[in-house]
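A.B. asks: Coordinates in query-v6.cif, mmCIF, C-alpha atoms, are listed below.
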data_query
loop_
_atom_site.label_atom_id
_atom_site.label_comp_id
_atom_site.auth_asym_id
_atom_site.auth_seq_id
_atom_site.Cartn_x
_atom_site.Cartn_y
_atom_site.Cartn_z
CA MET A 1 21.95 -3.89 -18.71
CA ASN A 2 24.01 -6.37 -16.67
CA HIS A 3 22.64 -7.04 -13.21
CA PRO A 4 24.67 -8.37 -10.27
CA THR A 5 23.96 -11.96 -9.29
CA LYS A 6 23.60 -12.75 -5.60
CA GLN A 7 23.08 -15.92 -3.64
CA ILE A 8 20.69 -15.25 -0.76
CA GLY A 9 18.90 -17.84 1.29
CA PRO A 10 18.38 -21.36 -0.11
CA LYS A 11 21.53 -22.49 -1.93
CA THR A 12 20.14 -25.32 -4.03
CA ILE A 13 16.91 -26.19 -5.78
CA GLU A 14 16.37 -28.85 -3.14
CA GLN A 15 16.66 -26.27 -0.37
CA MET A 16 14.43 -23.86 -2.30
CA ASP A 17 11.76 -26.54 -2.56
CA ALA A 18 12.00 -27.16 1.20
CA PHE A 19 11.78 -23.38 1.82
CA GLN A 20 8.65 -23.28 -0.34
CA ARG A 21 7.07 -26.23 1.50
CA ASP A 22 7.72 -24.62 4.90
CA LEU A 23 6.03 -21.37 3.84
CA ASP A 24 3.21 -23.24 2.11
CA ALA A 25 2.60 -25.08 5.38
CA ILE A 26 2.28 -21.80 7.30
CA GLY A 27 -0.26 -20.51 4.78
CA ASP A 28 -2.23 -23.77 4.67
CA GLU A 29 -2.32 -24.05 8.46
CA THR A 30 -3.64 -20.50 8.82
CA ARG A 31 -6.24 -20.82 6.06
CA LYS A 32 -7.77 -23.76 7.94
CA LEU A 33 -8.34 -21.45 10.93
CA VAL A 34 -10.05 -18.67 8.96
CA GLY A 35 -13.72 -18.40 9.85
CA GLU A 36 -16.12 -16.73 12.23
CA GLN A 37 -13.41 -15.06 14.29
CA ASP A 38 -12.21 -13.21 11.19
CA ALA A 39 -15.78 -12.38 10.16
CA ARG A 40 -16.42 -10.83 13.57
CA HIS A 41 -13.22 -8.84 13.24
CA ILE A 42 -14.09 -7.26 9.89
CA ARG A 43 -17.68 -6.52 10.97
CA LYS A 44 -16.23 -4.74 14.01
CA VAL A 45 -13.90 -2.80 11.73
CA LEU A 46 -16.85 -1.64 9.62
CA ARG A 47 -18.71 -0.50 12.75
CA THR A 48 -15.60 1.39 13.88
CA VAL A 49 -15.36 3.17 10.53
CA ARG A 50 -19.02 4.19 10.62
CA LEU A 51 -18.96 5.28 14.27
CA THR A 52 -15.82 7.41 14.01
CA GLU A 53 -17.08 8.99 10.79
CA ALA A 54 -20.47 9.82 12.34
CA LEU A 55 -18.90 11.31 15.48
CA GLY A 56 -16.28 13.23 13.51
CA ARG A 57 -18.77 14.74 11.08
CA ALA A 58 -21.21 15.56 13.88
CA LEU A 59 -18.53 17.40 15.86
CA LEU A 60 -17.44 19.37 12.80
CA LEU A 61 -20.99 20.70 12.49
CA PHE A 62 -20.27 22.82 15.59
CA GLY A 63 -17.97 24.94 13.43
CA TRP A 64 -14.68 26.48 14.51
CA PHE A 65 -15.11 25.85 18.27
CA PRO A 66 -11.57 24.49 18.89
CA PRO A 67 -12.27 21.37 21.00
CA THR A 68 -14.98 20.04 18.70
CA TRP A 69 -13.26 21.07 15.47
CA PHE A 70 -9.94 19.40 16.31
CA LEU A 71 -11.56 16.28 17.77
CA GLY A 72 -13.98 16.04 14.84
CA THR A 73 -11.17 16.36 12.31
CA LEU A 74 -9.07 13.76 14.14
CA LEU A 75 -11.94 11.26 14.37
CA LEU A 76 -12.80 11.73 10.70
CA GLY A 77 -9.14 11.23 9.79
CA ILE A 78 -9.03 8.03 11.85
CA SER A 79 -12.21 6.82 10.15
CA LYS A 80 -10.68 7.37 6.72
CA ILE A 81 -7.46 5.61 7.76
CA VAL A 82 -9.27 2.54 9.06
CA ASP A 83 -11.60 2.54 6.04
CA ASN A 84 -8.67 2.52 3.63
CA MET A 85 -6.12 0.40 5.50
CA GLU A 86 -7.84 -2.28 7.59
CA LEU A 87 -11.15 -2.39 5.73
CA GLY A 88 -10.79 -1.41 2.07
CA HIS A 89 -7.29 -2.64 1.27
CA ASN A 90 -7.81 -6.02 2.90
CA VAL A 91 -11.36 -6.58 1.67
CA MET A 92 -10.36 -5.73 -1.91
CA HIS A 93 -7.72 -8.46 -1.71
CA GLY A 94 -10.58 -10.92 -1.34
CA GLN A 95 -9.55 -11.82 2.20
CA TYR A 96 -13.18 -11.96 3.35
CA ASN A 97 -14.87 -13.45 0.29
CA PHE A 98 -15.44 -16.61 2.33
CA MET A 99 -18.19 -14.76 4.25
CA ASN A 100 -20.44 -14.50 1.16
CA ASP A 101 -21.45 -11.07 2.47
CA PRO A 102 -21.75 -8.45 -0.31
CA ARG A 103 -20.47 -5.77 2.09
CA PHE A 104 -17.10 -7.53 2.25
CA HIS A 105 -16.64 -8.97 -1.23
CA GLY A 106 -13.36 -8.03 -2.87
CA ASP A 107 -14.76 -7.63 -6.39
CA THR A 108 -17.52 -5.17 -5.46
CA PHE A 109 -16.24 -3.26 -2.42
CA ASP A 110 -15.55 0.46 -2.78
CA TRP A 111 -13.80 2.76 -0.35
CA ASP A 112 -13.61 6.39 0.81
CA ASN A 113 -10.80 7.29 -1.58
CA THR A 114 -10.40 9.09 -4.89
CA CYS A 115 -8.81 5.96 -6.43
CA PRO A 116 -11.49 3.84 -8.14
CA ALA A 117 -11.58 0.33 -6.68
CA SER A 118 -11.24 -1.21 -10.15
CA GLU A 119 -8.02 0.73 -10.81
CA TRP A 120 -6.62 -0.27 -7.43
CA ARG A 121 -7.40 -3.94 -7.91
CA HIS A 122 -5.46 -3.98 -11.18
CA ALA A 123 -2.49 -1.76 -10.25
CA HIS A 124 -2.06 -3.13 -6.74
CA ASN A 125 -3.54 -6.62 -6.44
CA PHE A 126 -2.31 -7.82 -9.82
CA VAL A 127 0.66 -5.76 -11.04
CA HIS A 128 2.35 -4.92 -7.74
CA HIS A 129 1.81 -8.25 -6.00
CA THR A 130 2.86 -10.23 -9.06
CA TYR A 131 5.97 -8.21 -9.94
CA THR A 132 6.99 -6.89 -6.52
CA ASN A 133 10.08 -4.68 -6.85
CA VAL A 134 10.91 -5.89 -10.36
CA ILE A 135 12.44 -2.86 -12.07
CA GLY A 136 10.47 -1.94 -15.17
CA MET A 137 7.45 -4.05 -14.20
CA ASP A 138 6.35 -2.98 -10.71
CA ARG A 139 5.07 0.56 -11.18
CA ASP A 140 4.65 0.97 -7.43
CA PHE A 141 8.44 1.16 -7.15
CA GLY A 142 8.78 4.93 -7.16
CA TYR A 143 5.24 5.53 -8.48
CA GLY A 144 6.60 6.86 -11.74
CA LEU A 145 7.96 9.92 -9.88
CA LEU A 146 10.84 8.88 -7.66
CA ARG A 147 14.25 7.43 -8.45
CA LEU A 148 15.01 4.86 -5.71
CA SER A 149 17.60 2.67 -7.42
CA ASN A 150 20.69 3.08 -9.58
CA ASP A 151 18.87 1.10 -12.28
CA LEU A 152 16.78 4.18 -12.99
CA ARG A 153 18.35 6.88 -15.12
CA TRP A 154 18.98 10.14 -13.26
CA SER A 155 17.29 13.24 -14.70
CA TRP A 156 16.85 16.94 -13.95
CA LEU A 157 13.65 16.14 -12.03
CA HIS A 158 15.29 13.95 -9.40
CA PRO A 159 17.08 16.67 -7.37
CA PHE A 160 13.59 17.79 -6.37
CA GLN A 161 12.33 14.38 -5.30
CA LEU A 162 12.32 15.14 -1.56
CA LEU A 163 9.82 17.88 -2.39
CA LEU A 164 7.97 15.50 -4.72
CA THR A 165 7.86 12.96 -1.89
CA ALA A 166 6.27 15.53 0.42
CA LEU A 167 3.66 16.35 -2.23
CA LEU A 168 3.07 12.64 -2.80
CA ALA A 169 2.48 12.15 0.92
CA VAL A 170 0.04 15.03 1.31
CA TYR A 171 -1.97 14.24 -1.83
CA PHE A 172 -1.37 10.49 -1.82
CA GLU A 173 -4.92 9.43 -2.74
CA TRP A 174 -4.91 11.69 -5.82
CA PHE A 175 -1.54 10.41 -7.07
CA VAL A 176 -2.61 6.81 -6.50
CA ALA A 177 -5.88 7.45 -8.35
CA VAL A 178 -4.08 8.30 -11.60
CA HIS A 179 -1.20 5.87 -11.01
CA ASP A 180 -2.54 3.04 -13.16
CA MET A 181 -3.15 5.46 -16.05
CA GLN A 182 0.65 5.80 -16.44
CA VAL A 183 0.41 9.57 -16.90
CA ASP A 184 4.20 9.79 -16.69
CA LYS A 185 4.41 7.86 -19.98
CA VAL A 186 1.88 10.20 -21.57
CA VAL A 187 3.97 13.21 -20.51
CA ILE A 188 7.15 11.84 -22.09
CA GLY A 189 5.31 10.68 -25.22
CA ARG A 190 5.51 6.91 -24.72
CA LYS A 191 1.71 6.62 -24.55
CA LYS A 192 -1.07 8.53 -26.27
CA TRP A 193 -3.81 10.29 -24.31
CA SER A 194 -6.37 8.36 -26.34
CA GLU A 195 -5.02 5.14 -24.78
CA VAL A 196 -5.64 6.30 -21.22
CA ARG A 197 -8.82 8.31 -21.77
CA PRO A 198 -11.17 5.39 -20.90
CA GLN A 199 -9.39 5.03 -17.55
CA TRP A 200 -9.51 8.78 -17.03
CA LEU A 201 -13.29 8.78 -17.38
CA VAL A 202 -13.53 6.22 -14.55
CA VAL A 203 -11.10 8.17 -12.39
CA ARG A 204 -12.83 11.48 -13.12
CA LYS A 205 -16.16 10.05 -12.01
CA LYS A 206 -14.65 8.95 -8.68
CA PHE A 207 -12.92 12.32 -8.30
CA ALA A 208 -16.26 14.08 -8.70
CA ARG A 209 -17.99 11.79 -6.23
CA GLN A 210 -15.38 12.28 -3.51
CA PHE A 211 -15.09 16.01 -4.13
CA MET A 212 -18.83 16.55 -3.96
CA ARG A 213 -19.11 14.53 -0.78
CA ASP A 214 -16.33 16.15 1.27
CA TYR A 215 -16.12 19.63 -0.24
CA ALA A 216 -19.71 20.40 -1.24
CA ALA A 217 -22.40 18.25 0.39
CA TRP A 218 -21.15 18.29 3.98
CA PRO A 219 -20.10 21.99 4.01
CA LEU A 220 -23.49 22.95 2.52
CA LEU A 221 -25.29 20.90 5.17
CA ALA A 222 -23.29 22.63 7.90
CA ALA A 223 -24.07 26.03 6.39
CA ALA A 224 -27.79 25.23 6.23
CA LEU A 225 -27.88 24.07 9.86
CA ALA A 226 -25.99 27.17 11.04
CA MET A 227 -28.00 29.64 8.94
CA PRO A 228 -30.65 30.36 11.62
CA PHE A 229 -27.83 31.37 13.99
CA GLY A 230 -26.14 33.67 11.47
CA HIS A 231 -23.00 31.53 11.10
CA ALA A 232 -23.66 29.77 7.81
CA VAL A 233 -20.43 30.80 6.07
CA ASP A 234 -18.19 30.10 9.07
CA ALA A 235 -19.77 26.70 9.67
CA GLY A 236 -19.50 25.71 6.02
CA ILE A 237 -15.84 26.71 5.80
CA ALA A 238 -15.04 24.96 9.11
CA VAL A 239 -16.45 21.68 7.80
CA LEU A 240 -14.74 22.07 4.42
CA VAL A 241 -11.35 22.70 6.06
CA GLY A 242 -11.94 19.88 8.56
CA ASN A 243 -12.69 17.44 5.76
CA PHE A 244 -9.60 18.57 3.87
CA ALA A 245 -7.44 18.15 6.99
CA ALA A 246 -8.90 14.69 7.67
CA ASN A 247 -8.01 13.63 4.13
CA ILE A 248 -4.45 14.93 4.64
CA ILE A 249 -4.17 12.94 7.91
CA ARG A 250 -5.22 9.79 6.07
CA ASN A 251 -2.97 10.48 3.08
CA VAL A 252 0.21 11.12 5.07
CA TRP A 253 -0.34 8.09 7.31
CA ALA A 254 -1.06 5.77 4.37
CA TRP A 255 2.01 7.09 2.53
CA ALA A 256 4.25 6.54 5.56
CA ILE A 257 3.05 2.97 6.16
CA ILE A 258 3.28 1.98 2.51
CA PHE A 259 6.70 3.53 1.97
CA CYS A 260 8.06 1.94 5.16
CA GLY A 261 6.86 -1.42 3.85
CA HIS A 262 8.51 -1.09 0.44
CA PHE A 263 11.36 1.44 0.26
CA THR A 264 13.57 1.07 3.33
CA ASP A 265 17.31 1.02 2.79
CA ASP A 266 17.54 -2.77 3.17
CA ILE A 267 14.95 -3.93 0.63
CA TYR A 268 16.05 -5.58 -2.62
CA THR A 269 15.00 -4.84 -6.18
CA PHE A 270 15.05 -7.39 -8.97
CA SER A 271 15.82 -7.57 -12.66
CA LYS A 272 13.31 -8.81 -15.21
CA GLN A 273 15.61 -11.75 -15.89
CA SER A 274 15.41 -12.80 -12.24
CA ILE A 275 11.74 -13.79 -12.54
CA LYS A 276 12.11 -15.85 -15.71
CA ASN A 277 10.82 -19.36 -14.96
CA GLU A 278 10.43 -18.29 -11.33
CA SER A 279 9.28 -21.07 -8.99
CA ARG A 280 6.83 -20.54 -6.14
CA GLY A 281 9.72 -20.71 -3.69
CA GLN A 282 11.65 -18.06 -5.61
CA TRP A 283 8.54 -15.89 -5.65
CA TYR A 284 8.32 -16.26 -1.86
CA LEU A 285 11.97 -15.26 -1.56
CA ARG A 286 11.44 -12.18 -3.71
CA GLN A 287 8.44 -11.10 -1.60
CA ILE A 288 10.47 -11.34 1.61
CA LEU A 289 13.53 -9.56 0.22
CA GLY A 290 11.37 -6.82 -1.29
CA SER A 291 9.36 -6.05 1.85
CA ALA A 292 9.87 -4.55 5.30
CA ASN A 293 7.91 -4.82 8.54
CA ILE A 294 7.22 -2.23 11.23
CA GLN A 295 7.50 -3.24 14.86
CA GLY A 296 4.73 -2.05 17.16
CA GLY A 297 1.75 -2.90 19.31
CA GLN A 298 -1.86 -3.68 18.51
CA TRP A 299 -2.74 -0.07 17.65
CA MET A 300 0.10 0.18 15.13
CA HIS A 301 -1.01 -3.06 13.49
CA PHE A 302 -4.68 -2.03 13.43
CA MET A 303 -4.12 1.51 12.16
CA SER A 304 -1.77 0.24 9.45
CA GLY A 305 -4.27 -2.36 8.25
CA ASN A 306 -1.68 -4.88 9.47
CA LEU A 307 0.61 -3.66 6.69
CA SER A 308 3.09 -3.32 9.53
CA HIS A 309 3.43 -7.02 8.58
CA GLN A 310 4.24 -6.24 4.97
CA VAL A 311 6.39 -9.38 4.61
CA GLU A 312 3.50 -11.63 5.60
CA HIS A 313 1.06 -9.65 3.46
CA HIS A 314 3.22 -10.07 0.36
CA LEU A 315 3.57 -13.78 1.06
CA PHE A 316 -0.13 -14.40 1.78
CA PRO A 317 -2.24 -11.51 0.40
CA ASP A 318 -5.41 -13.66 0.41
CA ILE A 319 -5.31 -14.44 4.15
CA PRO A 320 -7.18 -12.03 6.52
CA ALA A 321 -4.61 -9.49 7.67
CA ASN A 322 -5.57 -9.81 11.34
CA ARG A 323 -3.84 -13.23 11.17
CA TYR A 324 -0.45 -11.80 10.19
CA ALA A 325 0.71 -11.13 13.77
CA GLU A 326 0.43 -14.83 14.64
CA MET A 327 2.06 -15.84 11.35
CA ALA A 328 5.03 -13.48 11.64
CA PRO A 329 7.11 -15.49 14.19
CA LYS A 330 6.68 -18.63 12.05
CA VAL A 331 7.78 -16.80 8.90
CA GLN A 332 10.73 -15.28 10.74
CA ALA A 333 11.77 -18.75 11.95
CA VAL A 334 11.71 -20.07 8.36
CA CYS A 335 13.81 -17.11 7.24
CA ALA A 336 16.36 -17.81 9.98
CA LYS A 337 16.43 -21.50 9.02
CA TYR A 338 17.37 -20.74 5.41
CA GLY A 339 19.48 -17.61 5.95
CA VAL A 340 16.97 -15.18 4.44
CA PRO A 341 17.09 -11.57 5.77
CA TYR A 342 13.87 -10.59 7.56
CA ASN A 343 13.61 -6.80 7.41
CA THR A 344 11.88 -5.32 10.47
CA GLY A 345 12.33 -2.25 12.64
CA LYS A 346 10.60 0.46 14.61
CA PHE A 347 8.45 2.92 12.68
CA ALA A 348 10.73 5.95 13.17
CA TRP A 349 13.80 3.99 12.04
CA GLN A 350 12.14 2.52 8.97
CA LEU A 351 10.81 5.94 7.96
CA MET A 352 14.24 7.49 8.40
CA THR A 353 15.80 4.90 6.08
CA VAL A 354 13.08 5.59 3.50
CA LEU A 355 13.87 9.30 3.52
CA LYS A 356 17.57 8.48 3.37
CA ARG A 357 16.97 6.39 0.24
CA VAL A 358 14.88 9.14 -1.37
CA ALA A 359 17.59 11.73 -0.61
CA ARG A 360 20.46 9.54 -1.87
CA TYR A 361 18.84 8.84 -5.21
CA SER A 362 18.01 12.47 -5.80
CA LEU A 363 21.68 12.56 -6.80
CA PRO A 364 23.33 10.57 -9.61
CA GLY A 365 24.67 7.08 -8.97
CA GLY A 366 23.91 5.15 -5.80
CA PRO A 367 24.76 1.67 -4.48
CA HIS A 368 21.47 -0.13 -4.97
CA LYS A 369 20.93 -2.06 -8.18
CA ALA A 370 18.41 -4.68 -9.18
CA VAL A 371 19.79 -8.15 -8.60
CA HIS A 372 19.40 -11.61 -10.02
CA ILE A 373 18.95 -14.13 -7.19
CA GLU A 374 20.88 -17.30 -7.97
CA VAL A 375 19.97 -20.79 -6.83
CA GLU A 376 22.52 -23.46 -7.61
CA SER A 377 21.09 -26.29 -9.65
CA ILE A 378 21.49 -29.76 -8.20
CA VAL A 379 20.63 -31.34 -11.53
CA PRO A 380 23.75 -32.60 -13.40
CA GLU A 381 24.52 -30.54 -16.48
CA ASN A 382 24.38 -33.59 -18.75
CA ALA A 383 20.99 -34.74 -17.43
#
Now that the file is in, can you turn its structure into structure tokens?

C.D. replies:
Amino acid sequence: MNHPTKQIGPKTIEQMDAFQRDLDAIGDETRKLVGEQDARHIRKVLRTVRLTEALGRALLLFGWFPPTWFLGTLLLGISKIVDNMELGHNVMHGQYNFMNDPRFHGDTFDWDNTCPASEWRHAHNFVHHTYTNVIGMDRDFGYGLLRLSNDLRWSWLHPFQLLLTALLAVYFEWFVAVHDMQVDKVVIGRKKWSEVRPQWLVVRKKFARQFMRDYAAWPLLAAALAMPFGHAVDAGIAVLVGNFAANIIRNVWAWAIIFCGHFTDDIYTFSKQSIKNESRGQWYLRQILGSANIQGGQWMHFMSGNLSHQVEHHLFPDIPANRYAEMAPKVQAVCAKYGVPYNTGKFAWQLMTVLKRVARYSLPGGPHKAVHIEVESIVPENA
């Protein structure tokens, strides 16, 4: 397939090298600052997760009483969001390995999510961050379900992808859990079940653990505590439904933040040829062009795990995410210097463009195609 060639940003290898040095300098400068301030931050995050979970679960034990049930569900949902976004995602990137604290080590941390940490580290940390938005290599682009570019062949399934997107949002953790197994390839016969069965055993074990925790252990505890008062069944069901609703709150929020960071109307996709012999500067350029930020205040940044700074995260995934807000103006200045688009917008706008993209590519055709980013060589052809 022929891919359009575009010239975006640095025009020559010399300019690309300067672009790379400027971004390297931002990363190096920030890494020198990483230390106790960041350690205090992540310890505070862990305390927040534990406190909101404890309060939420305690309030749910009161059963269907509306004020406590709604507040308990909301607090538990917030706990799960912070656990997944600001704690789990960032810790599993190794951002806090410098602490030498086993609670915050990227290789051993596990989270409150049906996706096994080992599967996430491979599918996300390695595959996605290495091949960001490269069609045919980055499986996070569309998650094997959605057509979001004209490079992907239209099929009978795609007219339903707005519905599929809604299902993906509501059950996001479950879809992500099986994502690295490439079940879509098993369904169409490109992979054998025997090839993915070892992964399935790992995923199934995590499924069972999460299911037992939220939908068996806690409801049974609530039922036991309410039994002397004659409300065992009501209390058990109230906790079960509250846990389910809290998981939905977390899933929909995580889906919205992640999709706004990757699938807005202005992001670029790339051909496999575009990353052949890719330099560090070209990799930086691809990360910026393939990402989108969300404008907002401290609460937006905290509740999104600072993935509201998706551009900075893709550039510097190893740096503690609480540093991204101070890095963002510097990155934006470098982008302006070299004529690189810096995609940012308010949450509602970014989400609207995501849904627009999903709707457009539910139909055949579409304007977006993977591109090859061209940098003019300054080396004479006969050299």

A.B. asks: Using 3 Å of padding on each side, determine the axis-aligned box around all atoms of stretch 3-12 of chain A present in the file and give its centre and edge lengths in Å to one decimal, as JSON.

C.D. replies:
{"center_x": 21.5, "center_y": -16.2, "center_z": -6.0, "size_x": 12.3, "size_y": 24.3, "size_z": 20.5}

A.B. asks: I need the residue nearest A:Met85 from this list: A:Ile8, A:Ile249, A:Cys115, A:Leu307. Use only C-alpha atoms for the distance.

C.D. replies: A:Leu307

A.B. asks: Check what the PyMOL selection byres ((chain A and resi 260) around 9) selects in the file above and give those residues as a count of residues only.

C.D. replies: 20

A.B. asks: For this file, the PyMOL selection byres ((chain A and resi 196-198) around 12) selects which residues, as a ChimeraX atom specification?

C.D. replies: /A:119,178-187,190-195,199-205

A.B. asks: Give as a count of residues only the residues that the PyMOL selection byres ((chain A and resi 275) around 12) matches when applied to the coordinates above.

C.D. replies: 30
